[in-house]
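Enquirer: One structure coming up, written as structure tokens, with questions to follow.
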Amino acid sequence: MTLKHKVDHQHLDKSFYLLLCASCGMPTLVIANQWLHVDAMWPDPKTYSQDIPSKARNALRDARDTLFTPSLSIVGSARAIDFMLKHRGYKDGSLFQRIKQAADDHVITADMKEWADEVRKESNIERHADEDEPEATMDDAQRVLKFAEALAEILFELPARVLRGRGKAPAATDGNGQI
């Protein structure tokens, strides 16, 4: 992140910082006090629910943090999907076979199976350095991450939310302690 502008507001005893990501060029606005304690940030940093198993949650975070390097982000998203399926008990066979079994068991829909398979193929292209394929783009990485996030929501967040709604599970938090 590079500092582009700083405005001090004496009356509020606050400073406003406009930062730009050196990789993707996206802006971030930070409001801080004189001791550089951050009071607000926009956009809010993305966090993932504690309902998502830690290895999958960490892989999702890594995929999001590397969106500016699409190839790495795509592989990270596929890794998150792999961790999620393994956590749900799909441990045998290739990722292709585990995705198929999850669909056969109606854990994911047929459309989700097709999308998961597309993600798996894109990840293979990146991991195997296929010279005939075009370079992955940030749009590709964002699309793949959106699937991984949707899968996390369906496999872990929504079931946990239902259990909490029925009083059968403790409240969960995202990475910032928010419910």
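Ordered as shown in the structure tokens, chains take letters A, B, and onward, while each chain numbers its residues from 1 and ligands are numbered from 1 in the order shown.
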Residues within 12 Å of region 123-137 of chain A, please, as a compact mmCIF listing (two decimals) with N, CA and C atoms, in the first residue's frame. Count only C-alpha atoms; anything in the same chain fewer than 4 positions from it doesn't count.
Expert:
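Okay, around-v4.txt is ready:
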```
# COMPACT_ATOMS: atom_id res chain seq x y z
N CYS A 24 -2.88 -3.92 -7.22
CA CYS A 24 -4.13 -3.87 -7.99
C CYS A 24 -4.65 -2.45 -8.18
N ALA A 63 -6.30 -17.00 -0.66
CA ALA A 63 -6.78 -16.79 -2.03
C ALA A 63 -7.23 -15.34 -2.20
N THR A 66 -4.26 -12.88 -2.35
CA THR A 66 -3.40 -12.96 -3.53
C THR A 66 -4.17 -12.74 -4.83
N LEU A 67 -5.34 -12.12 -4.76
CA LEU A 67 -6.11 -11.84 -5.98
C LEU A 67 -5.29 -11.08 -7.01
N PHE A 68 -4.36 -10.25 -6.55
CA PHE A 68 -3.53 -9.48 -7.46
C PHE A 68 -2.52 -10.38 -8.20
N THR A 69 -2.39 -11.62 -7.75
CA THR A 69 -1.59 -12.64 -8.43
C THR A 69 -2.55 -13.78 -8.76
N PRO A 70 -3.30 -13.64 -9.84
CA PRO A 70 -4.42 -14.55 -10.12
C PRO A 70 -4.08 -16.03 -10.07
N SER A 71 -2.93 -16.41 -10.59
CA SER A 71 -2.56 -17.82 -10.60
C SER A 71 -2.51 -18.39 -9.18
N LEU A 72 -1.87 -17.66 -8.27
CA LEU A 72 -1.78 -18.11 -6.88
C LEU A 72 -3.15 -18.12 -6.22
N SER A 73 -3.96 -17.13 -6.50
CA SER A 73 -5.29 -17.05 -5.91
C SER A 73 -6.15 -18.23 -6.35
N ILE A 74 -6.10 -18.59 -7.62
CA ILE A 74 -6.89 -19.71 -8.13
C ILE A 74 -6.48 -21.02 -7.44
N VAL A 75 -5.19 -21.23 -7.31
CA VAL A 75 -4.71 -22.43 -6.62
C VAL A 75 -5.14 -22.40 -5.15
N GLY A 76 -5.09 -21.23 -4.52
CA GLY A 76 -5.53 -21.11 -3.13
C GLY A 76 -7.02 -21.42 -2.96
N SER A 77 -7.84 -20.95 -3.89
CA SER A 77 -9.27 -21.24 -3.83
C SER A 77 -9.53 -22.74 -3.98
N ALA A 78 -8.83 -23.38 -4.92
CA ALA A 78 -8.98 -24.82 -5.10
C ALA A 78 -8.54 -25.57 -3.85
N ARG A 79 -7.51 -25.07 -3.22
CA ARG A 79 -7.02 -25.67 -1.97
C ARG A 79 -8.09 -25.57 -0.88
N ALA A 80 -8.76 -24.42 -0.80
CA ALA A 80 -9.83 -24.24 0.17
C ALA A 80 -10.95 -25.24 -0.09
N ILE A 81 -11.31 -25.42 -1.36
CA ILE A 81 -12.36 -26.37 -1.73
C ILE A 81 -11.95 -27.78 -1.30
N ASP A 82 -10.70 -28.12 -1.57
CA ASP A 82 -10.18 -29.43 -1.19
C ASP A 82 -10.29 -29.63 0.33
N LEU A 95 -9.57 -35.11 -6.48
CA LEU A 95 -10.51 -34.02 -6.22
C LEU A 95 -11.73 -34.18 -7.13
N PHE A 96 -11.52 -34.57 -8.37
CA PHE A 96 -12.63 -34.82 -9.30
C PHE A 96 -13.59 -35.85 -8.72
N ALA A 116 -17.60 -26.48 -9.55
CA ALA A 116 -16.43 -26.99 -8.83
C ALA A 116 -15.45 -27.65 -9.78
N ASP A 117 -15.98 -28.37 -10.76
CA ASP A 117 -15.11 -29.02 -11.73
C ASP A 117 -14.38 -28.00 -12.60
N GLU A 118 -15.07 -26.91 -12.95
CA GLU A 118 -14.40 -25.84 -13.70
C GLU A 118 -13.26 -25.24 -12.88
N VAL A 119 -13.51 -25.02 -11.58
CA VAL A 119 -12.48 -24.49 -10.69
C VAL A 119 -11.30 -25.46 -10.62
N ALA A 141 -9.65 -15.16 -11.13
CA ALA A 141 -9.39 -15.44 -9.72
C ALA A 141 -10.59 -15.06 -8.85
N GLN A 142 -11.23 -13.93 -9.14
CA GLN A 142 -12.39 -13.51 -8.37
C GLN A 142 -13.55 -14.48 -8.55
N ARG A 143 -13.77 -14.96 -9.77
CA ARG A 143 -14.85 -15.91 -10.04
C ARG A 143 -14.61 -17.22 -9.27
N VAL A 144 -13.39 -17.70 -9.28
CA VAL A 144 -13.05 -18.93 -8.58
C VAL A 144 -13.20 -18.75 -7.07
N LEU A 145 -12.75 -17.61 -6.55
CA LEU A 145 -12.89 -17.33 -5.12
C LEU A 145 -14.37 -17.25 -4.73
```
Enquirer: Considering only C-alpha atoms, return as number ranges by chain whatever protein or nucleic-acid residues lie within 10 Å of Phe156 (chain A), sequence-local ones (same chain, fewer than 6 positions apart) excluded.
Expert: A: 49-53, 84, 87-88, 150
Enquirer: Okay, now the selection with N, CA and C atoms, as a CSV table (one decimal), in the first residue's frame?
Expert:
```csv
chain,number,residue,atom,x,y,z
A,49,SER,N,-16.0,-16.5,8.5
A,49,SER,CA,-16.7,-17.0,9.7
A,49,SER,C,-15.9,-18.1,10.4
A,50,GLN,N,-15.9,-18.2,11.7
A,50,GLN,CA,-15.3,-19.2,12.5
A,50,GLN,C,-16.0,-20.6,12.2
A,51,ASP,N,-17.2,-20.6,11.6
A,51,ASP,CA,-17.9,-21.8,11.3
A,51,ASP,C,-17.1,-22.6,10.2
A,52,ILE,N,-16.3,-21.9,9.4
A,52,ILE,CA,-15.5,-22.6,8.4
A,52,ILE,C,-14.3,-23.2,9.1
A,53,PRO,N,-14.0,-24.5,8.8
A,53,PRO,CA,-12.8,-25.1,9.4
A,53,PRO,C,-11.6,-24.3,9.1
A,84,MET,N,-12.3,-28.2,2.4
A,84,MET,CA,-13.8,-28.2,2.8
A,84,MET,C,-14.3,-29.6,2.5
A,87,HIS,N,-12.9,-32.0,5.0
A,87,HIS,CA,-13.5,-31.8,6.4
A,87,HIS,C,-14.9,-32.5,6.4
A,88,ARG,N,-15.6,-32.5,5.3
A,88,ARG,CA,-17.0,-33.1,5.2
A,88,ARG,C,-16.9,-34.6,5.0
A,150,ALA,N,-18.9,-19.4,-1.7
A,150,ALA,CA,-20.2,-19.9,-1.7
A,150,ALA,C,-20.3,-21.3,-1.2
```
Enquirer: Identify, on the basis of only C-alpha atoms, every residue whose closest approach to Glu114 (chain A) does not exceed 12 Å; exclude the query and any residue fewer than 3 positions from it along the same chain; express the result as a PyMOL selection string.
Expert: chain A and resi 96+99-100+102-103+108-111+117-121+147
Enquirer: Go ahead and save the picked residues with C-alpha atoms, as a CSV table (one decimal), in the first residue's frame.
Expert:
```
chain,number,residue,atom,x,y,z
A,96,PHE,CA,-12.6,-34.8,-9.3
A,99,ILE,CA,-16.5,-33.5,-6.1
A,100,LYS,CA,-18.6,-36.1,-7.9
A,102,ALA,CA,-20.4,-34.9,-2.9
A,103,ALA,CA,-22.9,-34.2,-5.8
A,108,ILE,CA,-23.8,-30.0,-3.5
A,109,THR,CA,-26.1,-29.5,-6.5
A,110,ALA,CA,-25.4,-30.6,-10.0
A,111,ASP,CA,-24.7,-27.0,-11.0
A,117,ASP,CA,-15.1,-29.0,-11.7
A,118,GLU,CA,-14.4,-25.8,-13.7
A,119,VAL,CA,-12.5,-24.5,-10.7
A,120,ARG,CA,-10.6,-27.8,-10.4
A,121,LYS,CA,-9.6,-27.6,-14.1
A,147,PHE,CA,-17.3,-20.3,-5.8
```
Enquirer: So how far away is CA of Glu122 (chain A) from CA of Met1 (chain A), in Å?
Expert: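 Interatomic distance, CA of Met1 (chain A) to CA of Glu122 (chain A): 28.9 Å.
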Enquirer: Of the candidates A:Tyr48, A:Lys168, A:Asp139, A:Lys55, which shows the shortest atom-to-atom distance to Leu85 (chain A), using only C-alpha atoms?
Expert: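 Closest to Leu85 (chain A), using only C-alpha atoms: A:Lys55.
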Enquirer: For CA of Gln10 (chain A) and CA of Met26 (chain A), determine how far apart the two atoms are, in Å to one decimal place.
Expert: 27.5 Å
Enquirer: For Leu12 (chain A), which residue among A:Glu149, A:Asp62, A:Ala32, A:Val107 is the nearest when counting only C-alpha atoms?
Expert: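 Of all the options, A:Ala32 lies closest to Leu12 (chain A).
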Enquirer: Out of chain A, which residues get strand (DSSP E) from DSSP, as a list of chain:residue names?
Expert: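 The strand (DSSP E) residues within chain A come out as A:Thr2, A:Leu3, A:Lys4, A:His5, A:Lys6, A:Val7, A:Asp8, A:His9, A:Lys14, A:Ser15, A:Phe16, A:Tyr17, A:Leu18, A:Leu19, A:Leu20, A:Pro27, A:Thr28, A:Leu29, A:Val30, A:Ile31, A:Ala32, A:Asn33, A:Val38, A:Asp39, A:Ala40, A:Met41, A:Trp42.
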Enquirer: Print the selection's residues with C-alpha atoms to a file, as an mmCIF file, in the first residue's frame.
Expert:
```cif
data_model
loop_
_atom_site.group_PDB
_atom_site.id
_atom_site.type_symbol
_atom_site.label_atom_id
_atom_site.label_comp_id
_atom_site.auth_asym_id
_atom_site.auth_seq_id
_atom_site.Cartn_x
_atom_site.Cartn_y
_atom_site.Cartn_z
ATOM 1 C CA THR A 2 1.248 3.433 -0.847
ATOM 2 C CA LEU A 3 0.063 6.642 0.745
ATOM 3 C CA LYS A 4 -1.514 8.938 -1.828
ATOM 4 C CA HIS A 5 -3.097 11.613 0.373
ATOM 5 C CA LYS A 6 -3.281 12.503 4.027
ATOM 6 C CA VAL A 7 -5.635 15.068 5.532
ATOM 7 C CA ASP A 8 -5.436 16.082 9.197
ATOM 8 C CA HIS A 9 -8.655 17.289 10.776
ATOM 9 C CA LYS A 14 -8.286 12.594 13.289
ATOM 10 C CA SER A 15 -6.263 11.948 10.169
ATOM 11 C CA PHE A 16 -7.671 10.626 6.923
ATOM 12 C CA TYR A 17 -5.384 8.496 4.754
ATOM 13 C CA LEU A 18 -5.987 7.480 1.157
ATOM 14 C CA LEU A 19 -3.891 4.426 0.341
ATOM 15 C CA LEU A 20 -3.548 2.628 -2.978
ATOM 16 C CA PRO A 27 -8.036 2.449 -2.870
ATOM 17 C CA THR A 28 -8.423 2.133 0.879
ATOM 18 C CA LEU A 29 -9.542 4.973 3.149
ATOM 19 C CA VAL A 30 -8.286 4.852 6.730
ATOM 20 C CA ILE A 31 -9.357 7.138 9.569
ATOM 21 C CA ALA A 32 -6.977 7.137 12.532
ATOM 22 C CA ASN A 33 -6.356 9.144 15.684
ATOM 23 C CA VAL A 38 -7.397 2.934 13.254
ATOM 24 C CA ASP A 39 -10.950 4.098 13.942
ATOM 25 C CA ALA A 40 -12.412 3.074 10.583
ATOM 26 C CA MET A 41 -11.369 1.562 7.301
ATOM 27 C CA TRP A 42 -13.143 1.373 3.987
#
```
